[in-house]
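Data from query.cif: mmCIF, C-alpha atoms
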data_entry
#
loop_
_atom_site.label_atom_id
_atom_site.label_comp_id
_atom_site.auth_asym_id
_atom_site.auth_seq_id
_atom_site.Cartn_x
_atom_site.Cartn_y
_atom_site.Cartn_z
CA MET A 1 -71.27 20.56 184.81
CA SER A 2 -70.76 22.22 181.47
CA ARG A 3 -70.26 20.30 178.28
CA LEU A 4 -66.67 21.63 178.09
CA SER A 5 -65.77 20.40 181.55
CA ALA A 6 -67.47 17.07 180.99
CA GLN A 7 -65.56 16.34 177.81
CA ARG A 8 -62.16 14.74 177.85
CA VAL A 9 -59.80 17.25 176.28
CA SER A 10 -56.86 15.73 174.36
CA PHE A 11 -53.78 17.50 173.08
CA PRO A 12 -51.54 16.43 170.23
CA THR A 13 -48.26 14.93 171.38
CA LEU A 14 -44.99 14.36 169.55
CA LEU A 15 -44.54 10.87 170.93
CA ASP A 16 -47.07 8.32 172.17
CA LEU A 17 -45.40 6.78 175.21
CA ASP A 18 -47.80 3.82 175.10
CA ALA A 19 -46.92 2.94 171.52
CA PRO A 20 -44.73 -0.13 170.99
CA ALA A 21 -41.06 0.67 170.44
CA SER A 22 -41.12 -0.79 166.96
CA SER A 23 -43.70 1.76 165.84
CA VAL A 24 -41.70 4.84 166.95
CA PRO A 25 -39.90 6.36 163.96
CA ARG A 26 -36.12 6.51 164.29
CA LEU A 27 -33.50 8.37 162.33
CA ALA A 28 -31.21 6.09 160.40
CA PRO A 29 -27.73 6.07 161.98
CA LYS A 30 -24.98 7.69 159.99
CA PRO A 31 -22.65 5.14 158.42
CA MET A 32 -19.40 4.76 160.37
CA ASP A 33 -17.54 4.01 157.18
CA ARG A 34 -14.47 6.21 157.36
CA GLY A 35 -11.30 4.69 158.72
CA VAL A 36 -8.89 7.14 160.28
CA LEU A 37 -5.62 6.94 162.18
CA VAL A 38 -5.16 9.38 165.04
CA GLN A 39 -1.50 10.04 165.77
CA MET A 40 -0.82 9.55 169.49
CA SER A 41 2.91 10.34 169.62
CA GLY A 42 5.52 12.43 167.88
CA ALA A 43 5.62 16.08 166.85
CA GLU A 44 2.14 15.93 165.29
CA THR A 45 0.21 14.26 168.11
CA GLY A 46 -3.51 14.48 167.38
CA ARG A 47 -3.15 14.66 163.61
CA ILE A 48 -5.78 12.76 161.62
CA HIS A 49 -4.76 10.51 158.72
CA ARG A 50 -7.43 9.04 156.45
CA ALA A 51 -7.11 5.28 155.98
CA VAL A 52 -8.06 5.14 152.30
CA GLY A 53 -6.56 2.77 149.74
CA LEU A 54 -2.93 2.12 150.67
CA VAL A 55 -1.33 3.95 153.60
CA THR A 56 2.38 3.45 154.32
CA LEU A 57 3.82 4.05 157.79
CA GLY A 58 7.47 4.46 158.74
CA ARG A 59 10.36 6.91 158.96
CA GLY A 60 10.94 7.25 155.21
CA GLU A 61 10.30 10.61 153.54
CA ALA A 62 7.80 9.07 151.11
CA CYS A 63 5.60 7.42 153.78
CA THR A 64 1.99 8.55 154.08
CA VAL A 65 2.31 8.63 157.88
CA ARG A 66 5.87 9.49 158.84
CA PHE A 67 7.53 9.37 162.26
CA ASP A 68 11.01 10.73 162.95
CA ASP A 69 11.84 7.67 165.04
CA GLY A 70 15.05 5.69 164.66
CA THR A 71 13.38 2.46 165.84
CA LEU A 72 11.17 2.40 162.74
CA SER A 73 12.07 0.96 159.36
CA ARG A 74 11.84 3.24 156.33
CA VAL A 75 8.60 1.53 155.37
CA HIS A 76 7.58 -0.13 158.61
CA ALA A 77 3.97 -1.17 157.94
CA ARG A 78 1.14 -0.84 155.45
CA LEU A 79 -2.56 -0.24 156.04
CA ILE A 80 -4.76 -1.52 153.23
CA GLU A 81 -8.46 -0.76 152.75
CA ARG A 82 -9.99 -3.83 151.10
CA ASP A 83 -13.61 -5.07 150.86
CA GLU A 84 -14.79 -2.72 153.65
CA GLU A 85 -12.01 -3.96 155.94
CA HIS A 86 -8.84 -2.21 157.07
CA ILE A 87 -5.89 -4.59 157.20
CA LEU A 88 -2.60 -3.67 158.86
CA GLU A 89 0.46 -5.52 157.57
CA ASP A 90 3.99 -5.45 158.91
CA ALA A 91 6.45 -4.66 156.09
CA GLY A 92 9.28 -6.84 157.39
CA SER A 93 10.28 -4.35 160.07
CA LEU A 94 13.11 -5.06 162.49
CA ASN A 95 11.33 -3.85 165.64
CA GLY A 96 7.83 -5.07 164.92
CA THR A 97 4.28 -3.85 164.41
CA PHE A 98 1.81 -4.26 167.27
CA VAL A 99 -1.99 -4.08 167.61
CA ASN A 100 -3.17 -3.73 171.21
CA GLU A 101 0.38 -4.76 172.26
CA ARG A 102 0.27 -8.02 170.28
CA ARG A 103 2.92 -8.34 167.60
CA ILE A 104 1.38 -9.03 164.21
CA THR A 105 2.32 -9.81 160.65
CA SER A 106 -1.22 -9.04 159.43
CA ALA A 107 -4.41 -8.07 161.30
CA VAL A 108 -7.88 -6.71 160.55
CA LEU A 109 -8.39 -3.48 162.51
CA PHE A 110 -11.46 -2.67 164.58
CA ASP A 111 -12.68 0.61 166.00
CA GLY A 112 -10.51 1.71 168.93
CA ASP A 113 -7.52 -0.53 168.18
CA ARG A 114 -4.18 0.85 169.37
CA LEU A 115 -1.24 0.53 166.98
CA ARG A 116 2.42 0.66 167.95
CA LEU A 117 5.32 0.75 165.51
CA GLY A 118 8.78 -0.02 166.84
CA SER A 119 9.49 1.21 170.36
CA GLY A 120 7.13 4.14 170.69
CA ALA A 121 5.34 5.44 167.57
CA THR A 122 1.66 5.00 168.42
CA LEU A 123 -1.66 5.59 166.67
CA ARG A 124 -5.29 4.72 167.28
CA PHE A 125 -7.63 3.41 164.60
CA HIS A 126 -11.25 4.63 164.49
CA LEU A 127 -14.28 4.09 162.27
CA ILE A 128 -16.24 7.34 162.14
CA ASP A 129 -18.67 9.23 159.93
CA GLU A 130 -17.97 12.27 157.78
CA GLU A 131 -19.18 14.78 160.37
CA GLU A 132 -16.98 13.30 163.09
CA GLU A 133 -13.98 13.37 160.77
CA ARG A 134 -14.51 17.07 160.06
CA ALA A 135 -14.83 17.77 163.79
CA LEU A 136 -11.59 15.92 164.58
CA VAL A 137 -9.72 17.78 161.84
CA ARG A 138 -11.05 21.15 163.09
CA THR A 139 -10.03 20.33 166.65
CA TYR A 140 -6.53 19.37 165.59
CA ASP A 141 -6.11 22.43 163.36
CA SER A 142 -7.23 24.77 166.14
CA SER A 143 -4.68 23.20 168.50
CA ILE A 144 -1.70 23.90 166.22
CA ARG A 145 -2.70 27.13 164.43
CA ASP A 146 -2.51 30.75 165.53
CA GLY A 147 -6.03 32.13 165.60
CA LEU A 148 -5.17 35.52 164.07
CA THR A 149 -2.76 34.68 161.29
CA GLY A 150 -3.54 31.05 160.45
CA VAL A 151 0.14 30.02 160.58
CA PHE A 152 1.36 27.53 163.19
CA ASN A 153 1.44 28.55 166.84
CA ARG A 154 4.55 28.63 169.00
CA ARG A 155 3.85 25.35 170.81
CA HIS A 156 3.64 23.45 167.53
CA LEU A 157 6.73 25.26 166.25
CA GLU A 158 8.76 24.15 169.26
CA GLU A 159 7.62 20.53 168.89
CA ARG A 160 8.41 20.44 165.17
CA LEU A 161 11.75 22.24 165.59
CA ALA A 162 12.87 19.71 168.21
CA SER A 163 12.00 16.89 165.80
CA GLU A 164 13.68 18.59 162.82
CA THR A 165 16.84 19.30 164.83
CA ALA A 166 17.08 15.66 165.95
CA PHE A 167 16.62 14.55 162.33
CA ALA A 168 19.30 16.95 161.03
CA LEU A 169 21.83 15.90 163.67
CA ARG A 170 21.18 12.20 163.12
CA HIS A 171 21.45 12.38 159.32
CA GLY A 172 24.01 15.19 159.00
CA THR A 173 21.68 17.40 156.94
CA ASP A 174 21.23 21.18 156.88
CA LEU A 175 18.59 22.97 158.94
CA SER A 176 18.00 26.69 159.28
CA VAL A 177 15.74 29.11 161.13
CA VAL A 178 14.62 32.50 159.85
CA MET A 179 13.30 34.99 162.43
CA ILE A 180 11.27 37.97 161.18
CA ASP A 181 10.13 40.96 163.22
CA LEU A 182 7.93 43.73 161.78
CA ASP A 183 9.59 47.11 162.34
CA HIS A 184 7.92 49.83 164.42
CA PHE A 185 4.78 47.71 164.74
CA LYS A 186 3.62 49.62 167.82
CA ARG A 187 3.41 52.78 165.73
CA ILE A 188 0.79 51.14 163.50
CA ASN A 189 -1.29 50.12 166.52
CA ASP A 190 -0.97 53.59 168.07
CA ALA A 191 -1.75 55.49 164.86
CA ARG A 192 -4.43 53.24 163.32
CA GLY A 193 -5.60 50.95 166.12
CA HIS A 194 -5.13 47.29 166.83
CA LEU A 195 -7.37 46.18 163.96
CA ALA A 196 -4.93 47.80 161.57
CA GLY A 197 -2.07 46.04 163.29
CA ASP A 198 -3.93 42.74 162.97
CA ALA A 199 -4.45 43.36 159.23
CA VAL A 200 -0.74 44.04 158.73
CA LEU A 201 0.28 40.92 160.66
CA ARG A 202 -2.18 38.73 158.73
CA HIS A 203 -0.96 40.14 155.41
CA ALA A 204 2.70 39.55 156.31
CA SER A 205 1.95 35.99 157.43
CA THR A 206 0.11 35.23 154.19
CA LEU A 207 2.91 36.75 152.12
CA ILE A 208 5.61 34.74 153.93
CA SER A 209 3.61 31.50 153.63
CA ALA A 210 3.44 32.01 149.86
CA LEU A 211 7.23 32.42 149.61
CA VAL A 212 8.27 29.19 151.33
CA ARG A 213 8.12 25.52 150.35
CA MET A 214 5.33 23.19 151.37
CA GLU A 215 7.62 21.36 153.79
CA ASP A 216 8.79 24.54 155.54
CA ILE A 217 7.21 25.50 158.87
CA VAL A 218 5.90 29.06 159.28
CA ALA A 219 4.79 30.04 162.79
CA ARG A 220 3.94 33.04 164.88
CA TYR A 221 6.66 33.19 167.51
CA GLY A 222 5.11 35.97 169.56
CA GLY A 223 3.61 39.42 169.05
CA GLU A 224 4.74 40.66 165.64
CA GLU A 225 7.56 38.11 165.38
CA LEU A 226 7.36 35.21 162.92
CA CYS A 227 9.61 32.20 162.48
CA ILE A 228 10.42 29.82 159.62
CA VAL A 229 12.05 26.40 160.01
CA THR A 230 13.50 25.19 156.72
CA ARG A 231 14.95 21.70 156.27
CA GLY A 232 17.89 21.04 153.94
CA VAL A 233 18.85 24.72 153.76
CA GLY A 234 22.22 26.04 154.97
CA THR A 235 23.66 29.47 155.77
CA GLU A 236 23.55 30.99 152.28
CA GLY A 237 20.14 29.59 151.38
CA ALA A 238 18.60 30.89 154.61
CA ALA A 239 20.09 34.35 154.01
CA LEU A 240 18.65 34.41 150.48
CA LEU A 241 15.22 33.39 151.80
CA GLY A 242 15.42 36.07 154.47
CA GLU A 243 16.25 38.74 151.88
CA ARG A 244 13.40 37.62 149.61
CA ILE A 245 10.99 37.93 152.51
CA ARG A 246 12.36 41.29 153.63
CA ALA A 247 12.05 42.76 150.12
CA SER A 248 8.53 41.39 149.63
CA ILE A 249 7.30 42.88 152.91
CA GLU A 250 8.87 46.24 152.05
CA ASP A 251 7.14 46.24 148.66
CA ALA A 252 3.73 45.23 150.03
CA ARG A 253 0.81 47.64 150.02
CA ILE A 254 -1.83 46.74 152.61
CA LEU A 255 -5.30 48.23 152.17
CA PHE A 256 -7.08 48.98 155.44
CA GLU A 257 -10.27 51.06 155.67
CA GLY A 258 -9.40 52.99 152.54
CA ALA A 259 -5.81 53.67 153.55
CA ILE A 260 -2.62 52.07 152.24
CA LEU A 261 -0.40 50.76 155.03
CA ARG A 262 3.26 49.89 154.58
CA VAL A 263 5.70 48.12 156.87
CA THR A 264 9.28 46.81 156.82
CA ALA A 265 10.87 43.86 158.60
CA SER A 266 14.17 42.98 160.23
CA VAL A 267 15.38 39.42 159.71
CA GLY A 268 17.88 37.14 161.40
CA THR A 269 18.84 33.79 159.87
CA ALA A 270 20.82 30.96 161.41
CA ALA A 271 21.97 27.54 160.23
CA LEU A 272 22.41 24.65 162.65
CA ALA A 273 25.93 24.04 161.32
CA ASP A 274 26.99 27.54 162.47
CA CYS A 275 25.70 27.16 166.03
CA THR A 276 28.08 26.69 168.94
CA VAL A 277 25.31 24.82 170.76
CA ARG A 278 23.66 22.53 168.21
CA THR A 279 20.23 22.20 169.75
CA ALA A 280 16.81 23.56 168.85
CA ALA A 281 17.17 26.20 171.56
CA GLY A 282 20.67 27.08 170.38
CA LEU A 283 19.47 27.50 166.79
CA VAL A 284 16.61 29.82 167.78
CA ALA A 285 18.89 31.80 170.10
CA ARG A 286 21.38 32.42 167.29
CA ALA A 287 18.66 33.49 164.83
CA ASP A 288 17.06 35.73 167.47
CA GLY A 289 20.41 37.36 168.27
CA LEU A 290 21.00 38.09 164.59
CA LEU A 291 17.48 39.51 164.32
CA TYR A 292 18.17 42.00 167.08
CA GLN A 293 21.51 42.79 165.46
CA ALA A 294 19.56 43.72 162.31
CA LYS A 295 17.33 45.99 164.38
CA SER A 296 20.26 47.67 166.10
CA LEU A 297 21.92 48.34 162.73
CA GLY A 298 18.94 50.31 161.44
CA ARG A 299 16.13 47.79 160.73
CA ASN A 300 14.79 46.66 157.36
CA ARG A 301 17.79 44.40 156.82
CA VAL A 302 18.90 40.76 157.05
CA GLU A 303 21.73 39.54 159.29
CA SER A 304 23.04 36.00 158.89
CA ARG A 305 26.56 35.94 160.43
#

This entry written out as structure tokens:
Amino acid sequence: MSRLSAQRVSFPTLLDLDAPASSVPRLAPKPMDRGVLVQMSGAETGRIHRAVGLVTLGRGEACTVRFDDGTLSRVHARLIERDEEHILEDAGSLNGTFVNERRITSAVLFDGDRLRLGSGATLRFHLIDEEEERALVRTYDSSIRDGLTGVFNRRHLEERLASETAFALRHGTDLSVVMIDLDHFKRINDARGHLAGDAVLRHASTLISALVRMEDIVARYGGEELCIVTRGVGTEGAALLGERIRASIEDARILFEGAILRVTASVGTAALADCTVRTAAGLVARADGLLYQAKSLGRNRVESR
């Protein structure tokens, strides 16, 4: 037997299985120190709200977490971060604040607790780390945004429009929809290719987003058609917004692979007060009809009546 074969040959290993558990190095766990509320109902189901400092919950416009729910008080409850604890307090609501279906006046929250405000506004409380928070936010954003343009997708638009319509009818406030369709869009795709069409659509979406208020909803309705939902704006205001958008798109110069591309848009605007059928579907149908009226009358124009 050779010396090589007689010797015991050992190889380095990453982990000695015979070593006591206490001697095996372990990575320190990431601190689960971020309190978040995950919205489980309403038009923004899945949205993440950071539970930092003081968070107010209710149906009031100024609330940190707002639900369009008539069973909630204007300020229904408060969530307070204090001494590494998260304390939920009822704010004297009529229909109650509940943690895991137990009505409370004040309660310390723990990971996984289910919160209910009034009859049906629900959230879940979680303690997570920074990486998990980023992942949750990315997941929510991808579920409500159009992948090409970055504006909201149609599903989210329909959910928000239903909520906004209910709010406007309940409170007697104005609500309008602006529908925008890029003219002769197929010609751009045929002449320059779909990447050029994508560039034009992205540019138009960015331009429109810069012209509206923070509270307005801009979404891709389908193909080259975009939609804006604008609260507190009536017939004349919607028509003015539509004209501002039309003129800005006409004036835009879009650089693509060394070429300057130009496009125009036809616009239809409708106010809820002018609708025969005062529903979300009726409002969109009226705006869409006026959009196609603008196209039939020569394009690059706004129709509002």

Can you list what the PyMOL selection byres ((chain A and resi 78-83) around 10) grabs from this structure, as a PDB file with C-alpha atoms, in the coordinates of the input?
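Saved result, out-v8.pdb, follows:
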ATOM      1  CA  GLY A  35     -11.300   4.690 158.720  1.00  0.00           C
ATOM      2  CA  LEU A  37      -5.620   6.940 162.180  1.00  0.00           C
ATOM      3  CA  ALA A  51      -7.110   5.280 155.980  1.00  0.00           C
ATOM      4  CA  VAL A  52      -8.060   5.140 152.300  1.00  0.00           C
ATOM      5  CA  GLY A  53      -6.560   2.770 149.740  1.00  0.00           C
ATOM      6  CA  LEU A  54      -2.930   2.120 150.670  1.00  0.00           C
ATOM      7  CA  VAL A  55      -1.330   3.950 153.600  1.00  0.00           C
ATOM      8  CA  THR A  56       2.380   3.450 154.320  1.00  0.00           C
ATOM      9  CA  LEU A  57       3.820   4.050 157.790  1.00  0.00           C
ATOM     10  CA  GLY A  58       7.470   4.460 158.740  1.00  0.00           C
ATOM     11  CA  CYS A  63       5.600   7.420 153.780  1.00  0.00           C
ATOM     12  CA  THR A  64       1.990   8.550 154.080  1.00  0.00           C
ATOM     13  CA  VAL A  65       2.310   8.630 157.880  1.00  0.00           C
ATOM     14  CA  VAL A  75       8.600   1.530 155.370  1.00  0.00           C
ATOM     15  CA  HIS A  76       7.580  -0.130 158.610  1.00  0.00           C
ATOM     16  CA  ALA A  77       3.970  -1.170 157.940  1.00  0.00           C
ATOM     17  CA  GLU A  84     -14.790  -2.720 153.650  1.00  0.00           C
ATOM     18  CA  GLU A  85     -12.010  -3.960 155.940  1.00  0.00           C
ATOM     19  CA  HIS A  86      -8.840  -2.210 157.070  1.00  0.00           C
ATOM     20  CA  ILE A  87      -5.890  -4.590 157.200  1.00  0.00           C
ATOM     21  CA  LEU A  88      -2.600  -3.670 158.860  1.00  0.00           C
ATOM     22  CA  GLU A  89       0.460  -5.520 157.570  1.00  0.00           C
ATOM     23  CA  ASP A  90       3.990  -5.450 158.910  1.00  0.00           C
ATOM     24  CA  ALA A  91       6.450  -4.660 156.090  1.00  0.00           C
ATOM     25  CA  THR A  97       4.280  -3.850 164.410  1.00  0.00           C
ATOM     26  CA  SER A 106      -1.220  -9.040 159.430  1.00  0.00           C
ATOM     27  CA  ALA A 107      -4.410  -8.070 161.300  1.00  0.00           C
ATOM     28  CA  VAL A 108      -7.880  -6.710 160.550  1.00  0.00           C
ATOM     29  CA  LEU A 109      -8.390  -3.480 162.510  1.00  0.00           C
TER      30      LEU A 109
END

Practice prompt. For a cut-off of 7 Å around (5.6, 24.6, 160.4), file coordinates, pick out all residues using all atoms listed in the file and list them as a ChimeraX atom specification.
Written response: /A:152,157,160,216-219,229

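Considering all atoms listed in the file, the residue among A:Asp174, A:Thr149, A:Asp190, A:Glu257 positioned nearest to A:Ala204 is A:Thr149.
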
Item to complete: Kindly extract all protein, DNA and RNA residues lying within 7 Å of the coordinates (0.7, 41.3, 155.1) given in the file, considering all atoms listed in the file, and supply them as a VMD selection string.
Response: chain A and resid 199 to 207 254

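Interatomic distance, atom CA of A:Asp129 against atom CA of A:Gly112: 14.3 Å.
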
Worksheet entry | Explicit residues for the PyMOL selection byres ((chain A and resi 221) around 12) (as a ChimeraX atom specification) | /A:145-146,149,151-158,177-181,205,217-220,222-229,284,288

Produce a file of the selected residues containing C-alpha atoms, as an mmCIF file, in the frame of the given file.
data_model
loop_
_atom_site.group_PDB
_atom_site.id
_atom_site.type_symbol
_atom_site.label_atom_id
_atom_site.label_comp_id
_atom_site.auth_asym_id
_atom_site.auth_seq_id
_atom_site.Cartn_x
_atom_site.Cartn_y
_atom_site.Cartn_z
ATOM 1 C CA ARG A 145 -2.700 27.130 164.430
ATOM 2 C CA ASP A 146 -2.510 30.750 165.530
ATOM 3 C CA THR A 149 -2.760 34.680 161.290
ATOM 4 C CA VAL A 151 0.140 30.020 160.580
ATOM 5 C CA PHE A 152 1.360 27.530 163.190
ATOM 6 C CA ASN A 153 1.440 28.550 166.840
ATOM 7 C CA ARG A 154 4.550 28.630 169.000
ATOM 8 C CA ARG A 155 3.850 25.350 170.810
ATOM 9 C CA HIS A 156 3.640 23.450 167.530
ATOM 10 C CA LEU A 157 6.730 25.260 166.250
ATOM 11 C CA GLU A 158 8.760 24.150 169.260
ATOM 12 C CA VAL A 177 15.740 29.110 161.130
ATOM 13 C CA VAL A 178 14.620 32.500 159.850
ATOM 14 C CA MET A 179 13.300 34.990 162.430
ATOM 15 C CA ILE A 180 11.270 37.970 161.180
ATOM 16 C CA ASP A 181 10.130 40.960 163.220
ATOM 17 C CA SER A 205 1.950 35.990 157.430
ATOM 18 C CA ILE A 217 7.210 25.500 158.870
ATOM 19 C CA VAL A 218 5.900 29.060 159.280
ATOM 20 C CA ALA A 219 4.790 30.040 162.790
ATOM 21 C CA ARG A 220 3.940 33.040 164.880
ATOM 22 C CA GLY A 222 5.110 35.970 169.560
ATOM 23 C CA GLY A 223 3.610 39.420 169.050
ATOM 24 C CA GLU A 224 4.740 40.660 165.640
ATOM 25 C CA GLU A 225 7.560 38.110 165.380
ATOM 26 C CA LEU A 226 7.360 35.210 162.920
ATOM 27 C CA CYS A 227 9.610 32.200 162.480
ATOM 28 C CA ILE A 228 10.420 29.820 159.620
ATOM 29 C CA VAL A 229 12.050 26.400 160.010
ATOM 30 C CA VAL A 284 16.610 29.820 167.780
ATOM 31 C CA ASP A 288 17.060 35.730 167.470
#

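Atom CA of A:Gly268 lies 5.0 Å from atom CA of A:Glu303.
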
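Take atom CA of A:Lys186 and atom CA of A:Ala287: the distance between them is 22.3 Å.
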
Fill in: Expansion of the PyMOL selection byres ((chain A and resi 176) around 9) into residues, as a PyMOL selection string
chain A and resi 174-175+177-178+228-235+237-238+269-273+283+287

Worksheet item: Excluding same-chain residues fewer than 4 positions from A:Gly118, what lies within 7 Å of it counting only C-alpha atoms, as a list in words?
Response: Thr71, Leu72, Asn95, Gly96 and Thr97 of chain A

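For the choices A:Arg244, A:Arg138, A:Arg116, A:Lys295, the atom-to-atom distance to A:His184 is smallest for A:Lys295 when using only C-alpha atoms.
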
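If all atoms listed in the file are the atoms counted, then among A:Gly46, A:Ser304, A:Leu241, A:Glu250 the closest residue to A:Ser142 is A:Gly46.
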
Worksheet item: For A:Leu211, which residue among A:Gly289, A:Gly120, A:Gly42, A:Gly242 is the nearest when counting only C-alpha atoms?
Response: A:Gly242

Worksheet, complete the sentence: Of A:Gly92, A:Asp33, A:Leu148, A:Thr45, the one nearest to A:Glu131 when counting only C-alpha atoms is A:Asp33

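Remark: for A:Ala239, the closest of the candidate residues A:Leu290, A:Ser119, A:Ala191, A:Ala281 is A:Leu290 (distances computed over all atoms listed in the file).
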
Give, as JSON, the centre coordinates and the x, y and z edge lengths in Å to one decimal for an axis-aligned box around all listed atoms of stretch 31-43 of chain A, padded by 3 Å on each side.
{"center_x": -8.5, "center_y": 10.0, "center_z": 163.4, "size_x": 34.3, "size_y": 18.1, "size_z": 18.4}
